[in-house]
>>> print(open('structure39.pdb').read())   # PDB, C-alpha atoms
MODEL        1
ATOM      1  CA  MET J   1      81.095 234.152 161.297
ATOM      2  CA  ASP J   2      83.347 237.151 161.950
ATOM      3  CA  ILE J   3      87.012 236.654 162.806
ATOM      4  CA  PRO J   4      87.630 237.803 166.396
ATOM      5  CA  VAL J   5      89.999 240.719 166.910
ATOM      6  CA  ILE J   6      93.202 239.363 168.455
ATOM      7  CA  ASN J   7      95.739 241.797 169.852
ATOM      8  CA  LEU J   8      98.815 239.652 169.209
ATOM      9  CA  LEU J   9     100.608 242.339 167.228
ATOM     10  CA  ASN J  10     100.902 244.759 170.154
ATOM     11  CA  LEU J  11     100.915 242.170 172.919
ATOM     12  CA  THR J  12     103.786 242.796 175.337
ATOM     13  CA  LEU J  13     105.193 241.061 178.385
ATOM     14  CA  GLY J  14     107.609 242.826 180.694
ATOM     15  CA  GLY J  15     108.128 245.516 178.086
ATOM     16  CA  TYR J  16     108.980 243.003 175.330
ATOM     17  CA  ASN J  17     106.773 242.424 172.294
ATOM     18  CA  VAL J  18     105.506 238.834 172.203
ATOM     19  CA  SER J  19     106.348 238.541 168.505
ATOM     20  CA  ASP J  20     109.986 239.266 169.427
ATOM     21  CA  ILE J  21     109.817 236.647 172.182
ATOM     22  CA  ALA J  22     108.399 234.106 169.685
ATOM     23  CA  THR J  23     111.164 234.957 167.226
ATOM     24  CA  GLY J  24     113.787 234.442 169.936
ATOM     25  CA  ALA J  25     112.225 231.101 170.907
ATOM     26  CA  LEU J  26     112.326 229.944 167.283
ATOM     27  CA  ILE J  27     115.977 230.974 166.860
ATOM     28  CA  LEU J  28     116.895 229.159 170.087
ATOM     29  CA  MET J  29     115.079 226.026 168.919
ATOM     30  CA  MET J  30     116.843 226.012 165.549
ATOM     31  CA  ALA J  31     120.272 226.662 167.122
ATOM     32  CA  THR J  32     119.637 223.774 169.527
ATOM     33  CA  MET J  33     118.793 221.530 166.589
ATOM     34  CA  GLY J  34     122.094 222.574 165.013
ATOM     35  CA  LEU J  35     123.907 221.235 168.073
ATOM     36  CA  THR J  36     122.638 217.749 167.138
ATOM     37  CA  LEU J  37     123.580 217.908 163.435
ATOM     38  CA  LYS J  38     126.689 216.964 161.480
ATOM     39  CA  LEU J  39     127.461 217.497 157.802
ATOM     40  CA  SER J  40     127.208 213.723 157.377
ATOM     41  CA  ASP J  41     123.491 213.961 158.216
ATOM     42  CA  PHE J  42     122.977 215.629 154.846
ATOM     43  CA  SER J  43     124.745 212.800 153.002
ATOM     44  CA  ARG J  44     121.771 210.475 153.475
ATOM     45  CA  VAL J  45     120.168 211.928 150.351
ATOM     46  CA  VAL J  46     123.017 210.232 148.432
ATOM     47  CA  THR J  47     123.505 207.065 150.477
ATOM     48  CA  GLN J  48     119.789 206.367 151.141
ATOM     49  CA  PRO J  49     117.893 208.535 148.656
ATOM     50  CA  LEU J  50     114.454 206.887 148.601
ATOM     51  CA  PRO J  51     113.222 207.606 152.158
ATOM     52  CA  VAL J  52     114.764 211.088 152.136
ATOM     53  CA  ILE J  53     113.336 212.068 148.752
ATOM     54  CA  THR J  54     109.968 210.544 149.678
ATOM     55  CA  GLY J  55     109.759 212.546 152.884
ATOM     56  CA  LEU J  56     110.861 215.787 151.218
ATOM     57  CA  LEU J  57     108.406 215.457 148.322
ATOM     58  CA  ILE J  58     105.505 214.810 150.688
ATOM     59  CA  GLN J  59     106.499 217.738 152.895
ATOM     60  CA  LEU J  60     107.266 220.272 150.210
ATOM     61  CA  LEU J  61     104.752 219.349 147.495
ATOM     62  CA  ALA J  62     101.950 217.123 148.783
ATOM     63  CA  LEU J  63     101.414 219.060 152.024
ATOM     64  CA  PRO J  64     100.746 222.461 150.368
ATOM     65  CA  ALA J  65      98.661 220.755 147.661
ATOM     66  CA  VAL J  66      96.460 219.061 150.284
ATOM     67  CA  ALA J  67      96.138 222.379 152.141
ATOM     68  CA  PHE J  68      94.880 224.099 148.980
ATOM     69  CA  LEU J  69      92.475 221.196 148.346
ATOM     70  CA  LEU J  70      91.029 221.321 151.876
ATOM     71  CA  ILE J  71      90.618 225.088 151.602
ATOM     72  CA  ALA J  72      88.588 224.527 148.418
ATOM     73  CA  ILE J  73      86.479 221.889 150.189
ATOM     74  CA  TYR J  74      85.847 223.620 153.522
ATOM     75  CA  ASP J  75      85.994 227.234 152.259
ATOM     76  CA  PRO J  76      87.153 228.647 155.621
ATOM     77  CA  ALA J  77      87.414 232.352 156.353
ATOM     78  CA  PHE J  78      90.274 234.073 154.536
ATOM     79  CA  PRO J  79      92.603 234.403 157.589
ATOM     80  CA  ILE J  80      92.122 230.707 158.406
ATOM     81  CA  ALA J  81      92.832 229.716 154.800
ATOM     82  CA  ILE J  82      96.009 231.781 154.637
ATOM     83  CA  GLY J  83      97.012 230.439 158.058
ATOM     84  CA  MET J  84      96.648 226.866 156.756
ATOM     85  CA  ILE J  85      98.849 227.679 153.761
ATOM     86  CA  ILE J  86     101.472 229.238 156.025
ATOM     87  CA  LEU J  87     101.389 226.100 158.196
ATOM     88  CA  ALA J  88     101.759 223.854 155.152
ATOM     89  CA  CYS J  89     104.856 225.841 154.142
ATOM     90  CA  CYS J  90     106.592 225.386 157.512
ATOM     91  CA  PRO J  91     107.887 221.801 157.681
ATOM     92  CA  SER J  92     108.942 220.091 160.856
ATOM     93  CA  ALA J  93     111.410 221.351 163.437
ATOM     94  CA  ALA J  94     113.366 219.736 166.270
ATOM     95  CA  THR J  95     110.146 218.576 167.964
ATOM     96  CA  SER J  96     109.642 215.922 165.278
ATOM     97  CA  ASN J  97     113.082 214.429 165.994
ATOM     98  CA  PHE J  98     112.148 214.057 169.659
ATOM     99  CA  PHE J  99     108.847 212.316 168.910
ATOM    100  CA  THR J 100     110.465 210.096 166.284
ATOM    101  CA  HIS J 101     112.863 208.891 168.975
ATOM    102  CA  ILE J 102     109.938 208.119 171.305
ATOM    103  CA  ALA J 103     108.131 206.253 168.502
ATOM    104  CA  LYS J 104     111.292 204.171 167.872
ATOM    105  CA  GLY J 105     111.450 205.459 164.324
ATOM    106  CA  ASP J 106     114.506 206.233 162.227
ATOM    107  CA  THR J 107     115.833 209.249 164.142
ATOM    108  CA  ALA J 108     118.698 209.853 161.708
ATOM    109  CA  LEU J 109     116.201 210.040 158.837
ATOM    110  CA  SER J 110     114.068 212.443 160.850
ATOM    111  CA  VAL J 111     117.044 214.701 161.519
ATOM    112  CA  SER J 112     118.034 214.608 157.847
ATOM    113  CA  LEU J 113     114.528 215.520 156.683
ATOM    114  CA  THR J 114     114.286 218.336 159.220
ATOM    115  CA  ALA J 115     117.655 219.757 158.206
ATOM    116  CA  MET J 116     117.129 219.552 154.451
ATOM    117  CA  SER J 117     113.553 220.843 154.497
ATOM    118  CA  GLY J 118     114.808 223.747 156.596
ATOM    119  CA  LEU J 119     117.182 224.668 153.776
ATOM    120  CA  ILE J 120     114.557 224.394 151.057
ATOM    121  CA  VAL J 121     111.715 226.293 152.785
ATOM    122  CA  VAL J 122     113.767 229.485 152.676
ATOM    123  CA  PHE J 123     112.893 229.550 148.981
ATOM    124  CA  THR J 124     109.553 227.721 148.817
ATOM    125  CA  THR J 125     107.692 229.367 151.709
ATOM    126  CA  PRO J 126     107.454 232.908 150.254
ATOM    127  CA  LEU J 127     106.486 231.524 146.838
ATOM    128  CA  LEU J 128     103.720 229.270 148.170
ATOM    129  CA  ILE J 129     102.321 231.893 150.529
ATOM    130  CA  ASN J 130     102.153 234.400 147.682
ATOM    131  CA  LEU J 131     100.428 231.748 145.560
ATOM    132  CA  GLY J 132      97.858 231.463 148.327
ATOM    133  CA  PHE J 133      97.337 235.221 148.351
ATOM    134  CA  MET J 134      96.916 235.242 144.566
ATOM    135  CA  ASN J 135      94.258 232.538 144.733
ATOM    136  CA  LEU J 136      92.390 233.747 147.807
ATOM    137  CA  THR J 137      92.491 237.542 147.895
ATOM    138  CA  GLY J 138      89.783 239.576 146.260
ATOM    139  CA  GLU J 139      90.295 242.502 143.962
ATOM    140  CA  GLY J 140      91.894 245.500 145.603
ATOM    141  CA  GLN J 141      93.742 243.522 148.256
ATOM    142  CA  THR J 142      97.498 243.973 148.069
ATOM    143  CA  ILE J 143      98.716 241.661 150.841
ATOM    144  CA  TYR J 144     101.783 239.757 149.769
ATOM    145  CA  LEU J 145     105.085 238.477 151.105
ATOM    146  CA  PRO J 146     108.055 240.259 149.473
ATOM    147  CA  LEU J 147     110.204 237.464 148.093
ATOM    148  CA  LEU J 148     113.794 238.514 148.696
ATOM    149  CA  PRO J 149     113.256 240.239 152.081
ATOM    150  CA  SER J 150     111.153 237.320 153.348
ATOM    151  CA  MET J 151     113.719 234.788 152.130
ATOM    152  CA  LEU J 152     116.375 236.707 154.040
ATOM    153  CA  GLN J 153     114.207 236.792 157.181
ATOM    154  CA  ILE J 154     113.483 233.063 157.005
ATOM    155  CA  PHE J 155     117.198 232.437 156.368
ATOM    156  CA  ASN J 156     117.994 234.372 159.552
ATOM    157  CA  LEU J 157     115.339 232.438 161.478
ATOM    158  CA  ILE J 158     116.315 228.935 160.299
ATOM    159  CA  ILE J 159     119.577 228.529 158.403
ATOM    160  CA  LEU J 160     121.734 230.959 160.364
ATOM    161  CA  PRO J 161     120.983 229.617 163.881
ATOM    162  CA  VAL J 162     121.246 225.996 162.661
ATOM    163  CA  THR J 163     124.619 226.805 161.099
ATOM    164  CA  VAL J 164     125.813 228.415 164.324
ATOM    165  CA  GLY J 165     124.737 225.338 166.287
ATOM    166  CA  MET J 166     126.507 223.021 163.831
ATOM    167  CA  GLY J 167     129.623 225.178 164.045
ATOM    168  CA  VAL J 168     129.649 224.914 167.827
ATOM    169  CA  ARG J 169     129.312 221.136 167.578
ATOM    170  CA  HIS J 170     132.095 220.889 164.989
ATOM    171  CA  PHE J 171     134.650 223.105 166.730
ATOM    172  CA  TYR J 172     133.644 222.558 170.367
ATOM    173  CA  ALA J 173     132.203 219.037 170.393
ATOM    174  CA  SER J 174     132.483 218.392 174.126
ATOM    175  CA  PHE J 175     130.968 221.781 174.944
ATOM    176  CA  ALA J 176     128.095 221.138 172.505
ATOM    177  CA  GLN J 177     127.386 217.747 174.080
ATOM    178  CA  THR J 178     127.364 219.341 177.531
ATOM    179  CA  ILE J 179     124.988 222.184 176.736
ATOM    180  CA  GLU J 180     122.701 220.381 174.258
ATOM    181  CA  PRO J 181     120.401 218.740 176.874
ATOM    182  CA  TYR J 182     120.005 222.059 178.691
ATOM    183  CA  ALA J 183     119.501 223.987 175.447
ATOM    184  CA  THR J 184     116.866 221.456 174.369
ATOM    185  CA  LYS J 185     114.948 221.845 177.617
ATOM    186  CA  LEU J 186     115.244 225.639 177.463
ATOM    187  CA  SER J 187     114.035 225.777 173.865
ATOM    188  CA  PHE J 188     110.976 223.627 174.633
ATOM    189  CA  ILE J 189     110.222 225.722 177.718
ATOM    190  CA  SER J 190     110.536 228.957 175.740
ATOM    191  CA  ILE J 191     108.245 227.677 172.987
ATOM    192  CA  LEU J 192     105.726 226.429 175.545
ATOM    193  CA  PHE J 193     105.922 229.803 177.287
ATOM    194  CA  VAL J 194     105.142 231.679 174.070
ATOM    195  CA  MET J 195     102.259 229.351 173.250
ATOM    196  CA  CYS J 196     100.806 229.807 176.746
ATOM    197  CA  ILE J 197     100.900 233.589 176.281
ATOM    198  CA  LEU J 198      99.188 233.305 172.906
ATOM    199  CA  PHE J 199      96.624 230.875 174.290
ATOM    200  CA  ALA J 200      95.825 233.222 177.181
ATOM    201  CA  GLU J 201      95.300 236.062 174.717
ATOM    202  CA  VAL J 202      92.969 234.095 172.431
ATOM    203  CA  TYR J 203      91.149 232.296 175.259
ATOM    204  CA  PRO J 204      88.165 234.710 175.365
ATOM    205  CA  SER J 205      87.543 233.929 171.691
ATOM    206  CA  LEU J 206      88.558 230.273 171.894
ATOM    207  CA  SER J 207      85.142 228.784 171.105
ATOM    208  CA  ILE J 208      84.828 230.950 167.984
ATOM    209  CA  ILE J 209      88.371 230.149 166.882
ATOM    210  CA  ILE J 210      87.798 226.406 167.325
ATOM    211  CA  GLU J 211      84.566 226.616 165.350
ATOM    212  CA  LEU J 212      86.326 228.505 162.568
ATOM    213  CA  ALA J 213      89.533 226.494 162.285
ATOM    214  CA  LEU J 214      89.474 223.134 164.082
ATOM    215  CA  VAL J 215      87.851 220.973 161.397
ATOM    216  CA  PRO J 216      90.003 222.033 158.406
ATOM    217  CA  VAL J 217      93.201 222.170 160.479
ATOM    218  CA  LEU J 218      92.600 218.790 162.123
ATOM    219  CA  THR J 219      91.689 217.281 158.751
ATOM    220  CA  LEU J 220      94.959 218.574 157.292
ATOM    221  CA  ASN J 221      96.867 216.962 160.143
ATOM    222  CA  ILE J 222      95.136 213.584 159.903
ATOM    223  CA  VAL J 223      95.203 213.385 156.099
ATOM    224  CA  MET J 224      98.916 214.180 155.928
ATOM    225  CA  MET J 225      99.926 211.651 158.584
ATOM    226  CA  LEU J 226      97.875 208.943 156.879
ATOM    227  CA  LEU J 227      99.268 209.929 153.492
ATOM    228  CA  GLY J 228     102.827 209.865 154.795
ATOM    229  CA  ILE J 229     102.664 206.403 156.305
ATOM    230  CA  THR J 230     100.642 205.019 153.357
ATOM    231  CA  ILE J 231     103.157 206.213 150.751
ATOM    232  CA  ALA J 232     106.029 204.902 152.883
ATOM    233  CA  LYS J 233     104.416 201.462 153.008
ATOM    234  CA  LEU J 234     103.616 201.467 149.278
ATOM    235  CA  LEU J 235     107.303 202.173 148.606
ATOM    236  CA  LYS J 236     108.177 199.312 150.984
ATOM    237  CA  LEU J 237     110.170 201.450 153.378
ATOM    238  CA  ASN J 238     110.809 199.738 156.699
ATOM    239  CA  ARG J 239     108.690 200.318 159.786
ATOM    240  CA  GLN J 240     111.113 202.773 161.378
ATOM    241  CA  GLN J 241     111.358 204.868 158.205
ATOM    242  CA  ALA J 242     107.570 204.910 157.791
ATOM    243  CA  ARG J 243     107.149 206.144 161.358
ATOM    244  CA  SER J 244     109.715 208.877 160.834
ATOM    245  CA  ILE J 245     108.014 210.140 157.680
ATOM    246  CA  CYS J 246     104.596 210.046 159.339
ATOM    247  CA  ILE J 247     105.798 212.149 162.269
ATOM    248  CA  GLU J 248     107.771 214.536 160.044
ATOM    249  CA  ILE J 249     104.602 215.158 158.032
ATOM    250  CA  GLY J 250     102.437 215.383 161.144
ATOM    251  CA  ILE J 251     104.482 217.967 163.048
ATOM    252  CA  GLN J 252     104.703 221.360 161.391
ATOM    253  CA  ASN J 253     106.885 224.202 162.633
ATOM    254  CA  TYR J 254     103.965 226.083 164.159
ATOM    255  CA  VAL J 255     106.324 228.541 165.857
ATOM    256  CA  LEU J 256     107.668 229.609 162.451
ATOM    257  CA  ALA J 257     104.068 229.921 161.225
ATOM    258  CA  VAL J 258     103.241 232.228 164.149
ATOM    259  CA  VAL J 259     106.383 234.301 163.537
ATOM    260  CA  ILE J 260     105.572 234.660 159.815
ATOM    261  CA  ALA J 261     102.007 235.721 160.614
ATOM    262  CA  ILE J 262     102.821 238.182 163.387
ATOM    263  CA  ALA J 263     106.384 239.383 162.836
ATOM    264  CA  ILE J 264     106.693 239.283 159.035
ATOM    265  CA  LEU J 265     103.168 239.759 157.675
ATOM    266  CA  LYS J 266     101.947 241.804 160.672
ATOM    267  CA  LYS J 267      98.621 239.950 160.508
ATOM    268  CA  PRO J 268      97.920 238.274 163.878
ATOM    269  CA  GLU J 269      94.676 236.764 162.596
ATOM    270  CA  PHE J 270      96.779 234.589 160.261
ATOM    271  CA  ALA J 271      98.214 232.897 163.378
ATOM    272  CA  ILE J 272      94.832 231.443 164.397
ATOM    273  CA  ALA J 273      95.316 228.274 162.335
ATOM    274  CA  ALA J 274      98.769 227.715 163.869
ATOM    275  CA  ILE J 275      97.426 228.150 167.403
ATOM    276  CA  VAL J 276      94.617 225.648 166.773
ATOM    277  CA  TYR J 277      97.095 223.337 165.034
ATOM    278  CA  LEU J 278      99.246 223.278 168.161
ATOM    279  CA  PHE J 279      96.535 221.297 169.974
ATOM    280  CA  SER J 280      95.365 219.143 167.048
ATOM    281  CA  MET J 281      98.970 218.243 166.229
ATOM    282  CA  TYR J 282      99.735 216.902 169.697
ATOM    283  CA  ALA J 283      96.444 214.990 169.778
ATOM    284  CA  CYS J 284      97.329 213.291 166.474
ATOM    285  CA  VAL J 285     100.947 212.623 167.402
ATOM    286  CA  PHE J 286     100.144 211.140 170.812
ATOM    287  CA  THR J 287      97.512 208.931 169.162
ATOM    288  CA  PHE J 288     100.148 207.757 166.680
ATOM    289  CA  LEU J 289     102.642 207.111 169.485
ATOM    290  CA  ALA J 290     100.038 204.956 171.235
ATOM    291  CA  TYR J 291      99.532 203.052 167.966
ATOM    292  CA  CYS J 292     103.309 202.534 167.658
ATOM    293  CA  ARG J 293     103.517 201.243 171.211
ATOM    294  CA  PHE J 294     100.609 198.837 170.567
ATOM    295  CA  GLN J 295     102.246 197.652 167.327
ATOM    296  CA  ASP J 296     105.584 197.043 169.063
ATOM    297  CA  MET J 297     103.884 195.045 171.829
ATOM    298  CA  ASN J 298     102.160 192.826 169.263
ATOM    299  CA  ILE J 299     105.430 192.263 167.381
ATOM    300  CA  LYS J 300     107.223 191.430 170.628
ATOM    301  CA  GLN J 301     104.519 188.941 171.617
ATOM    302  CA  THR J 302     104.610 187.322 168.163
ATOM    303  CA  VAL J 303     108.413 186.952 168.251
ATOM    304  CA  SER J 304     108.347 185.462 171.776
ATOM    305  CA  ARG J 305     105.955 182.678 170.773
TER     306      ARG J 305
ENDMDL
END
>>> encode(input="structure39.pdb", output="structure tokens")
Amino acid sequence: MDIPVINLLNLTLGGYNVSDIATGALILMMATMGLTLKLSDFSRVVTQPLPVITGLLIQLLALPAVAFLLIAIYDPAFPIAIGMIILACCPSAATSNFFTHIAKGDTALSVSLTAMSGLIVVFTTPLLINLGFMNLTGEGQTIYLPLLPSMLQIFNLIILPVTVGMGVRHFYASFAQTIEPYATKLSFISILFVMCILFAEVYPSLSIIIELALVPVLTLNIVMMLLGITIAKLLKLNRQQARSICIEIGIQNYVLAVVIAIAILKKPEFAIAAIVYLFSMYACVFTFLAYCRFQDMNIKQTVSR
């Protein structure tokens, strides 16, 4: 089946390129996350190393490995395969912290994992994406992600805005606390706005896109969430920590994946997997939240007897 032509690269709204709008939304989201972080959040890797190291290893090693395995099993079209690898290289963002709070997980652990993975992906994402190109491209294809320039771009998209947000919290704590709820709402609205634009653009080809990408992308989502919570239980982490790791693994930074595909690689077809993932991710996460609520009700009933 042929990949539909998607005009995301030249898509504009009010004279602004949508890729620039997506980039701005991502920067706003990361700066907002910075408003919630303190340097002490990074100390958990020393004070409570097991859950932090477990979550990071699953995110940074197991997730890309499973993506490569599923690509070998399903053999999707090249743009879908590369899109899955890009997704697997973009660990969770502030959204996971929000859902961890709703699930009554370990929110501090979630924040720590989000912050530390954000530091590490600056280096790992270009390497893993290029590994995907090396394994999947045929002879004569020269698509690749330049390492140093892409690291700098990802640094500007993640580390720099998070650092600015943390700086505002450190030096202007009361101001940060005042604006954080509004910045959070604005960042979610901006991300939702970008995704609605992208969805409207791909809607005419939606059935083809779903047929091409839904099964491997949904499988990646389900397998990783199950793997996360299973490993957490095998290591005897508590219920809250297991929930946090499950959600951190289950919510990828799909906005970063879209930005890498459109703004950095200039290949809008690589964003198809991220757009499909947006819907599969929320379906999986809301199912998990329902499971958490059911589990909490059973525990409450057992304790009350």
>>> atom_distance(input="structure39.pdb", atom1="atom CA of Leu214 of chain J", atom2="atom CA of Pro76 of chain J")
10.4 Å
>>> closest_residue(input="structure39.pdb", among="J:Tyr254, J:Ala88, J:Ile245, J:Leu157", to="Thr23 of chain J", atoms="all atoms listed in the file")
J:Leu157
>>> closest_residue(input="structure39.pdb", among="J:Pro79, J:Pro216, J:Gly105, J:Pro64", to="Leu127 of chain J", atoms="all atoms listed in the file")
J:Pro64
>>> residues_around(input="structure39.pdb", residues="Ala183 of chain J", least_positions_apart="3", cutoff="12 Å", atoms="only C-alpha atoms", output="list in words")
Ala25, Ile27, Leu28, Met29, Met30, Ala31, Thr32, Met33, Gly34, Leu35, Thr36, Ala94, Gly165, Phe175, Ala176, Gln177, Thr178, Ile179, Glu180, Leu186, Ser187, Phe188, Ile189 and Ser190 of chain J
>>> residues_around(input="structure39.pdb", residues="segment 255-261 of chain J", least_positions_apart="2", cutoff="8 Å", atoms="only C-alpha atoms", output="VMD selection string")
chain J and resid 19 22 to 23 26 83 86 to 87 90 191 253 263 to 271 274 to 275
>>> write_last_selection(input="structure39.pdb", atoms="C-alpha atoms", output="compact mmCIF listing (two decimals), in the frame of the given file")
# COMPACT_ATOMS: atom_id res chain seq x y z
CA SER J 19 106.35 238.54 168.50
CA ALA J 22 108.40 234.11 169.68
CA THR J 23 111.16 234.96 167.23
CA LEU J 26 112.33 229.94 167.28
CA GLY J 83 97.01 230.44 158.06
CA ILE J 86 101.47 229.24 156.02
CA LEU J 87 101.39 226.10 158.20
CA CYS J 90 106.59 225.39 157.51
CA ILE J 191 108.24 227.68 172.99
CA ASN J 253 106.88 224.20 162.63
CA ALA J 263 106.38 239.38 162.84
CA ILE J 264 106.69 239.28 159.04
CA LEU J 265 103.17 239.76 157.68
CA LYS J 266 101.95 241.80 160.67
CA LYS J 267 98.62 239.95 160.51
CA PRO J 268 97.92 238.27 163.88
CA GLU J 269 94.68 236.76 162.60
CA PHE J 270 96.78 234.59 160.26
CA ALA J 271 98.21 232.90 163.38
CA ALA J 274 98.77 227.72 163.87
CA ILE J 275 97.43 228.15 167.40
>>> residues_around(input="structure39.pdb", residues="Ala62 of chain J", least_positions_apart="5", cutoff="12 Å", atoms="only C-alpha atoms", output="PyMOL selection string")
chain J and resi 54-57+67-69+88-89+91+220+223-225+227-228+231+249
>>> residues_around(input="structure39.pdb", residues="Ile210 of chain J", least_positions_apart="2", cutoff="12 Å", atoms="all atoms listed in the file", output="number ranges by chain")
J: 1, 3-4, 76, 80, 202-208, 212-218, 272-280
>>> residues_around(input="structure39.pdb", residues="Arg239 of chain J", least_positions_apart="2", cutoff="12 Å", atoms="only C-alpha atoms", output="compact mmCIF listing (two decimals) with C-alpha atoms, in the coordinates of the input")
# COMPACT_ATOMS: atom_id res chain seq x y z
CA PRO J 51 113.22 207.61 152.16
CA THR J 100 110.46 210.10 166.28
CA ALA J 103 108.13 206.25 168.50
CA LYS J 104 111.29 204.17 167.87
CA GLY J 105 111.45 205.46 164.32
CA ASP J 106 114.51 206.23 162.23
CA ILE J 229 102.66 206.40 156.30
CA THR J 230 100.64 205.02 153.36
CA ALA J 232 106.03 204.90 152.88
CA LYS J 233 104.42 201.46 153.01
CA LEU J 234 103.62 201.47 149.28
CA LEU J 235 107.30 202.17 148.61
CA LYS J 236 108.18 199.31 150.98
CA LEU J 237 110.17 201.45 153.38
CA GLN J 241 111.36 204.87 158.21
CA ALA J 242 107.57 204.91 157.79
CA ARG J 243 107.15 206.14 161.36
CA SER J 244 109.72 208.88 160.83
CA ILE J 245 108.01 210.14 157.68
CA CYS J 246 104.60 210.05 159.34
CA CYS J 292 103.31 202.53 167.66
CA GLN J 295 102.25 197.65 167.33
CA ASP J 296 105.58 197.04 169.06
CA ILE J 299 105.43 192.26 167.38
>>> closest_residue(input="structure39.pdb", among="J:Ile154, J:Ile262, J:Ile197, J:Ala173", to="Val122 of chain J", atoms="all atoms listed in the file")
J:Ile154
>>> atom_distance(input="structure39.pdb", atom1="atom CA of Glu211 of chain J", atom2="atom CA of Tyr282 of chain J")
18.5 Å
>>> closest_residue(input="structure39.pdb", among="J:Phe98, J:Phe155, J:Phe78, J:Phe199", to="Thr125 of chain J", atoms="all atoms listed in the file")
J:Phe155
>>> atom_distance(input="structure39.pdb", atom1="atom CA of Leu109 of chain J", atom2="atom CA of Pro181 of chain J")
20.5 Å
>>> closest_residue(input="structure39.pdb", among="J:Ile120, J:Met134, J:Val46, J:Leu37", to="Ile82 of chain J", atoms="only C-alpha atoms")
J:Met134
>>> decode(input="structure39.pdb", residues="segment 284-301 of chain J", atoms="N, CA and C atoms", output="PDB file, in the first residue's frame")
ATOM      1  N   CYS J 284      -4.746   3.569  25.554  1.00  0.00           N
ATOM      2  CA  CYS J 284      -4.056   2.683  26.494  1.00  0.00           C
ATOM      3  C   CYS J 284      -3.975   3.299  27.886  1.00  0.00           C
ATOM      4  N   VAL J 285      -3.662   4.581  27.944  1.00  0.00           N
ATOM      5  CA  VAL J 285      -3.502   5.238  29.243  1.00  0.00           C
ATOM      6  C   VAL J 285      -4.829   5.318  29.985  1.00  0.00           C
ATOM      7  N   PHE J 286      -5.902   5.670  29.302  1.00  0.00           N
ATOM      8  CA  PHE J 286      -7.202   5.749  29.967  1.00  0.00           C
ATOM      9  C   PHE J 286      -7.666   4.363  30.425  1.00  0.00           C
ATOM     10  N   THR J 287      -7.333   3.330  29.654  1.00  0.00           N
ATOM     11  CA  THR J 287      -7.638   1.963  30.088  1.00  0.00           C
ATOM     12  C   THR J 287      -6.870   1.626  31.361  1.00  0.00           C
ATOM     13  N   PHE J 288      -5.599   2.031  31.410  1.00  0.00           N
ATOM     14  CA  PHE J 288      -4.782   1.781  32.599  1.00  0.00           C
ATOM     15  C   PHE J 288      -5.295   2.571  33.796  1.00  0.00           C
ATOM     16  N   LEU J 289      -5.730   3.802  33.572  1.00  0.00           N
ATOM     17  CA  LEU J 289      -6.291   4.601  34.667  1.00  0.00           C
ATOM     18  C   LEU J 289      -7.547   3.948  35.226  1.00  0.00           C
ATOM     19  N   ALA J 290      -8.374   3.384  34.346  1.00  0.00           N
ATOM     20  CA  ALA J 290      -9.572   2.677  34.803  1.00  0.00           C
ATOM     21  C   ALA J 290      -9.188   1.454  35.639  1.00  0.00           C
ATOM     22  N   TYR J 291      -8.122   0.751  35.196  1.00  0.00           N
ATOM     23  CA  TYR J 291      -7.629  -0.398  35.962  1.00  0.00           C
ATOM     24  C   TYR J 291      -7.145   0.047  37.344  1.00  0.00           C
ATOM     25  N   CYS J 292      -6.413   1.160  37.403  1.00  0.00           N
ATOM     26  CA  CYS J 292      -5.915   1.681  38.676  1.00  0.00           C
ATOM     27  C   CYS J 292      -7.066   2.039  39.610  1.00  0.00           C
ATOM     28  N   ARG J 293      -8.079   2.676  39.054  1.00  0.00           N
ATOM     29  CA  ARG J 293      -9.242   3.042  39.867  1.00  0.00           C
ATOM     30  C   ARG J 293      -9.942   1.793  40.417  1.00  0.00           C
ATOM     31  N   PHE J 294     -10.089   0.763  39.562  1.00  0.00           N
ATOM     32  CA  PHE J 294     -10.708  -0.493  39.987  1.00  0.00           C
ATOM     33  C   PHE J 294      -9.868  -1.161  41.075  1.00  0.00           C
ATOM     34  N   GLN J 295      -8.542  -1.153  40.905  1.00  0.00           N
ATOM     35  CA  GLN J 295      -7.643  -1.750  41.887  1.00  0.00           C
ATOM     36  C   GLN J 295      -7.735  -1.022  43.225  1.00  0.00           C
ATOM     37  N   ASP J 296      -7.785   0.295  43.197  1.00  0.00           N
ATOM     38  CA  ASP J 296      -7.875   1.080  44.429  1.00  0.00           C
ATOM     39  C   ASP J 296      -9.192   0.823  45.153  1.00  0.00           C
ATOM     40  N   MET J 297     -10.273   0.668  44.399  1.00  0.00           N
ATOM     41  CA  MET J 297     -11.577   0.382  45.005  1.00  0.00           C
ATOM     42  C   MET J 297     -11.550  -0.966  45.713  1.00  0.00           C
ATOM     43  N   ASN J 298     -10.934  -1.968  45.065  1.00  0.00           N
ATOM     44  CA  ASN J 298     -10.852  -3.293  45.678  1.00  0.00           C
ATOM     45  C   ASN J 298     -10.016  -3.262  46.953  1.00  0.00           C
ATOM     46  N   ILE J 299      -8.896  -2.524  46.914  1.00  0.00           N
ATOM     47  CA  ILE J 299      -8.038  -2.414  48.099  1.00  0.00           C
ATOM     48  C   ILE J 299      -8.780  -1.714  49.229  1.00  0.00           C
ATOM     49  N   LYS J 300      -9.507  -0.678  48.886  1.00  0.00           N
ATOM     50  CA  LYS J 300     -10.280   0.077  49.893  1.00  0.00           C
ATOM     51  C   LYS J 300     -11.343  -0.800  50.538  1.00  0.00           C
ATOM     52  N   GLN J 301     -12.025  -1.600  49.709  1.00  0.00           N
ATOM     53  CA  GLN J 301     -13.067  -2.494  50.222  1.00  0.00           C
ATOM     54  C   GLN J 301     -12.468  -3.574  51.111  1.00  0.00           C
TER      55      GLN J 301
END
